[in-house]
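The structure appears right after this line, and notes come after that.
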Amino acid sequence: MIRRRADFLAANRGLRVARPGFVLLAHPNGGQGKRYGITVTKKVGNAVVRNRIKRRFRELLRAALPEHGLPDHDHVLIGRDGGIERDFAKLRDELSDALARAAAGKGDPRRNPRRGRRKGGR
RNA sequence: CCAGGGGGCCGGGCAGCCGCGCGUUUCCGCAAGGGAUGCGAGGAAAGUCCGGGCUCCACGAAGUAAGGGUGGCGGGUAACGCCCGCCGUGGGAAACCAUAGGGAAAGUGCCACAGAGAGCAGACCGCCCCGCUGGUCGGGGCAAGGGUGAAAGGGUGCGGUAAGAGCGCACCGGGAGGCUGGCGACAGUCUCCGCACGGCAAACCCCACCCGGAGCAAGGCCAAAUAGGGACUUCGCGCCCCUUCACCGGGGCAGGAACACUUCGUUCCGAGAAGUCCGGGUUGGCUGCUUGAGCAGGGGAGCAAUCCUCCGCCCAGAUGAAUGGCUGCCCCCGCUUCGGCGGGACAGAACCCGGCUUACAGGCCCCCUGGCAUU
RNA sequence: UGGGGUGUAGCCAAGUGGUAAGGCACCGGUUUUUGGUAUCGGCAUUCGCAGGUUCGAUCCCUGCCACCCCAG
């Protein structure tokens, strides 16, 4: 379990694999074993929705991480809009696929960090 | 049966396997850990709009001022801006609903446009009388009718008059005083006053009542780390020497502690302690932390809100924050080619209570009003 | 947890009891051979939503909604 904000920010610099239900970040943590963290922003929904997404992600990681996880890496799942009504089996397939891609070292291009202050429009 | 009004309640259920948080207990026991067992989100947990408890800070009591709030009366409550009952006003055919509802002859201010006149009134169209006498004339009386406006200085009718007018009278409305009923708001009634003295205080204001500030990231303890700092206040500081006006600073002695005890000896202490603030450091753990204005049931008081009493119960305590995954049966809704398929509202405790407000699929129960039908 | 602010046309906004300025943008006309410029006119604005006070509410009061900011 990742708790510190600094670890989350560090994970943001690692591998990024995007899937319809979530975004997976993987980042080496220097021998601390397989750790995971979950991020769901307020944009996705209210507290009930966010909590439910986090619970489902925990269940996914509990099943997948010991076998398919990357050793000595931090794994961060970021919830996206469809994360609550998406079929659980589909999420599970997407996660193992994403972990395989991350293990092969293939990530999606990183988002451009530090764009200007979002103000007055999206 | 139809239409309408008011109130209360529920918020999917059962089971299996794997997993999560906390408590209790047990096991080899130093610990980690394993086993067993109990409990584990809401009616709004939400918004954070009021009121309290609790903790810290400030403060003689009380009062005044400033600022803010409340505003019919009585009751309930720990308290409230909440709740209950009643009164007044407005709406509705009714059940019932709404209501910030003190003061306008303490003062100040505002009432646009229209209109003759808008605040101790005013005369545009008019009506009536008189005069010269016939005109788009002069003098006077009137405020009933028309017109403007949200509002035009009581209303309707009769009398009266040149025309009119509370000018007079009857009823209604209003004001003042008394009487009766009510704890009271207020209601009823009698007498008097023919009655210009409007509206707005959710305009300033006046009156009555209420309010100290901050918040569990409050507050307390421990560890680590940095630093072994600075300023101020209070209390204290045995004797001698140096320095000094003194404080301060340095040295010695007395005295105290340890070396099991006594003696000797050695070492250490030999003036500081408490509080507040500043500077610097830490963002770890424990506590506060869940038994409380608690919940269920019975009885009693009260129209009710609510209160009293008896008995029983223990019912979340997380901290990147505990409820998830899979499956079966039942329930409800929609679609249906009758095999099935899809869906199940609003929403997640964070110190704890009492309210208010807002969101909400679907469903259940009770009472009342009106209409139709039947008996 | 506590505190503050904003909401008016597509955009930026003034107005604070009497029927909503101004600028940009857009549309139409005139000028020009055409475009630009210039000039004239036009904008169907429930003044964030719902109640209330008032004769009358963007303005006053109450309750909501959305967004933004600040402190710990």
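Ordering of the structure tokens sets the chain letters (A, B, ...), residue numbers begin anew at 1 in every chain, and ligands are numbered from 1 in the order given.
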
- Item | Picked from chain A by DSSP as strand (DSSP E), as a list in words |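 Output for chain A, strand (DSSP E) only: Leu15, Arg16, Val17, Ala18, Phe22, Val23, Leu24, Leu25, Ala26, His27, Pro28, Arg35, Tyr36, Gly37, Ile38, Thr39, His73, Asp74, His75, Val76, Leu77, Ile78 and Gly79 of chain A.
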
Dump of N, CA and C atoms for the selected residues, as a compact mmCIF listing (two decimals), in the first residue's frame:
# COMPACT_ATOMS: atom_id res chain seq x y z
N LEU A 15 6.31 4.06 -16.10
CA LEU A 15 5.58 3.55 -17.25
C LEU A 15 4.11 3.83 -17.11
N ARG A 16 3.44 4.09 -18.23
CA ARG A 16 2.02 4.41 -18.19
C ARG A 16 1.33 3.56 -19.25
N VAL A 17 0.34 2.78 -18.82
CA VAL A 17 -0.44 1.97 -19.75
C VAL A 17 -1.90 2.33 -19.56
N ALA A 18 -2.53 2.86 -20.59
CA ALA A 18 -3.93 3.29 -20.49
C ALA A 18 -4.85 2.21 -21.03
N PHE A 22 -9.18 2.09 -16.73
CA PHE A 22 -8.23 2.63 -15.77
C PHE A 22 -6.95 3.00 -16.49
N VAL A 23 -6.01 3.60 -15.74
CA VAL A 23 -4.67 3.85 -16.23
C VAL A 23 -3.72 3.22 -15.23
N LEU A 24 -2.76 2.41 -15.73
CA LEU A 24 -1.80 1.76 -14.85
C LEU A 24 -0.46 2.48 -14.93
N LEU A 25 0.07 2.81 -13.74
CA LEU A 25 1.42 3.38 -13.68
C LEU A 25 2.31 2.36 -13.00
N ALA A 26 3.53 2.17 -13.51
CA ALA A 26 4.49 1.27 -12.87
C ALA A 26 5.82 1.99 -12.79
N HIS A 27 6.43 1.90 -11.61
CA HIS A 27 7.65 2.66 -11.38
C HIS A 27 8.51 1.89 -10.39
N PRO A 28 9.81 1.65 -10.69
CA PRO A 28 10.65 0.90 -9.75
C PRO A 28 10.84 1.66 -8.44
N ARG A 35 4.34 -2.99 -4.46
CA ARG A 35 3.40 -2.14 -3.72
C ARG A 35 2.34 -1.63 -4.69
N TYR A 36 1.23 -1.20 -4.14
CA TYR A 36 0.21 -0.64 -5.03
C TYR A 36 -0.45 0.58 -4.38
N GLY A 37 -1.03 1.39 -5.23
CA GLY A 37 -1.80 2.54 -4.77
C GLY A 37 -2.92 2.80 -5.74
N ILE A 38 -3.97 3.51 -5.27
CA ILE A 38 -5.13 3.77 -6.11
C ILE A 38 -5.45 5.26 -6.05
N THR A 39 -5.72 5.83 -7.19
CA THR A 39 -6.12 7.24 -7.25
C THR A 39 -7.43 7.34 -7.99
N HIS A 73 8.32 -2.93 -7.84
CA HIS A 73 7.73 -1.79 -8.53
C HIS A 73 6.54 -1.28 -7.75
N ASP A 74 6.31 0.00 -7.86
CA ASP A 74 5.05 0.58 -7.39
C ASP A 74 4.04 0.50 -8.52
N HIS A 75 2.84 0.02 -8.20
CA HIS A 75 1.77 -0.03 -9.19
C HIS A 75 0.68 0.94 -8.74
N VAL A 76 0.33 1.87 -9.62
CA VAL A 76 -0.73 2.82 -9.29
C VAL A 76 -1.82 2.71 -10.33
N LEU A 77 -3.06 2.52 -9.85
CA LEU A 77 -4.21 2.50 -10.75
C LEU A 77 -4.95 3.82 -10.60
N ILE A 78 -5.25 4.44 -11.73
CA ILE A 78 -6.02 5.69 -11.72
C ILE A 78 -7.38 5.38 -12.30
N GLY A 79 -8.42 5.69 -11.54
CA GLY A 79 -9.77 5.38 -12.00
C GLY A 79 -10.22 6.34 -13.08

- Task: For region 83-91 of chain A, please output as a ChimeraX atom specification all residues within 6 Å (counting only C-alpha atoms (C1' of nucleotides); exclusion window: fewer than 3 positions along the same chain).
- Result: /A:21,53,80,94

- Task: For region 50-63 of chain C, list every protein, DNA or RNA residue within 12 Å, evaluated using only C-alpha atoms (C1' of nucleotides), and leave out those in the same chain fewer than 2 positions away; present the list as a ChimeraX atom specification.
- Result: /B:47,49,81,98-100,111-113,149-151,199-203,356-358 /C:7-8,15-20,45,47-48,65

- Item | Arg4 (chain A) surroundings by only C-alpha atoms (C1' of nucleotides), 12 Å radius, close-in-sequence under 2 positions cut, as a PyMOL selection string | (chain A and resi 1-2+6-11+36-38+74) or (chain B and resi 283+320)

- Expected answer as JSON, numbers by chain: alpha helix (DSSP H) residues in region 14-112 of chain A: {"A": [47, 48, 49, 50, 51, 52, 53, 54, 55, 56, 57, 58, 59, 60, 61, 62, 63, 64, 65, 66, 67, 68, 88, 89, 90, 91, 92, 93, 94, 95, 96, 97, 98, 99, 100, 101, 102, 103]}

- Spatial neighbours of region 101-105 of chain B, max dist 9 Å, only C-alpha atoms (C1' of nucleotides), sep filter under 5 positions, as a PyMOL selection string: chain B and resi 71-72+88-89+197+201+206-208

- Message: Set the distance at 8 Å and use only C-alpha atoms (C1' of nucleotides): which residues neighbour region 189-191 of chain B once local chain neighbours fewer than 5 positions away are removed? I'd like the list as a list in words.
- Response: G178, C179 and U180 of chain B

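Between C1' of A46 (chain B) and C1' of C82 (chain B) the separation is 20.1 Å.
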
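For chain B, the residues within 7 Å of chain A are G320, G324, G325, A347 and G348 of chain B, with only C-alpha atoms (C1' of nucleotides) used to measure distance.
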
Mind dumping the selected residues with N, CA, C and O atoms (P, O5', C5', C4', C3', O3' and C1' of nucleotides) as a tab-separated table (two decimals), in the first residue's frame?
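Writing the result to selection.tsv gives the following:
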chain	number	residue	atom	x	y	z
B	320	G	P	-3.79	7.14	5.89
B	320	G	O5'	-4.32	6.36	4.62
B	320	G	C5'	-5.61	6.62	4.12
B	320	G	C4'	-5.69	6.30	2.65
B	320	G	C3'	-4.87	5.11	2.21
B	320	G	O3'	-5.61	4.38	1.23
B	320	G	C1'	-4.26	7.00	0.96
B	324	G	P	-19.71	-3.81	-1.08
B	324	G	O5'	-18.80	-4.25	-2.30
B	324	G	C5'	-17.75	-3.41	-2.77
B	324	G	C4'	-16.58	-4.24	-3.25
B	324	G	C3'	-16.94	-5.43	-4.13
B	324	G	O3'	-17.16	-5.04	-5.48
B	324	G	C1'	-15.43	-6.13	-2.47
B	325	G	P	-18.17	-5.86	-6.43
B	325	G	O5'	-17.37	-7.21	-6.68
B	325	G	C5'	-16.20	-7.21	-7.48
B	325	G	C4'	-15.67	-8.62	-7.64
B	325	G	C3'	-16.68	-9.64	-8.08
B	325	G	O3'	-16.91	-9.62	-9.48
B	325	G	C1'	-15.43	-10.51	-6.27
B	347	A	P	-27.08	11.79	-5.51
B	347	A	O5'	-26.54	11.87	-4.02
B	347	A	C5'	-25.47	11.06	-3.60
B	347	A	C4'	-25.76	10.52	-2.22
B	347	A	C3'	-24.55	10.02	-1.45
B	347	A	O3'	-23.93	11.09	-0.76
B	347	A	C1'	-26.30	8.42	-1.33
B	348	G	P	-22.31	11.25	-0.72
B	348	G	O5'	-21.90	10.49	0.61
B	348	G	C5'	-21.62	9.12	0.60
B	348	G	C4'	-21.52	8.61	2.01
B	348	G	C3'	-20.16	8.87	2.66
B	348	G	O3'	-20.36	9.11	4.04
B	348	G	C1'	-20.58	6.54	2.52

Residues of chain C within 12 Å of chain A, using only C-alpha atoms (C1' of nucleotides), as an mmCIF file with C-alpha atoms (C1' of nucleotides), in the first residue's frame?
data_model
loop_
_atom_site.group_PDB
_atom_site.id
_atom_site.type_symbol
_atom_site.label_atom_id
_atom_site.label_comp_id
_atom_site.auth_asym_id
_atom_site.auth_seq_id
_atom_site.Cartn_x
_atom_site.Cartn_y
_atom_site.Cartn_z
ATOM 1 C "C1'" C C 11 -17.172 36.782 -24.339
ATOM 2 C "C1'" C C 67 -17.956 27.604 -9.698
ATOM 3 C "C1'" C C 68 -13.514 29.891 -7.690
#

- Between C1' of C86 (chain B) and C1' of A176 (chain B), what is the spacing in Å?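 Here the two named atoms are 28.7 Å from each other.
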
- Item | Pick from A:Gly14, A:Gly105, A:Pro66, A:Asp81, whichever lies nearest to Thr41 (chain A) using only C-alpha atoms |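 Counting only C-alpha atoms, the residue closest to Thr41 (chain A) is A:Asp81.
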
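For the pair C1' of C10 (chain B) and C1' of G334 (chain B), the separation is 23.3 Å.
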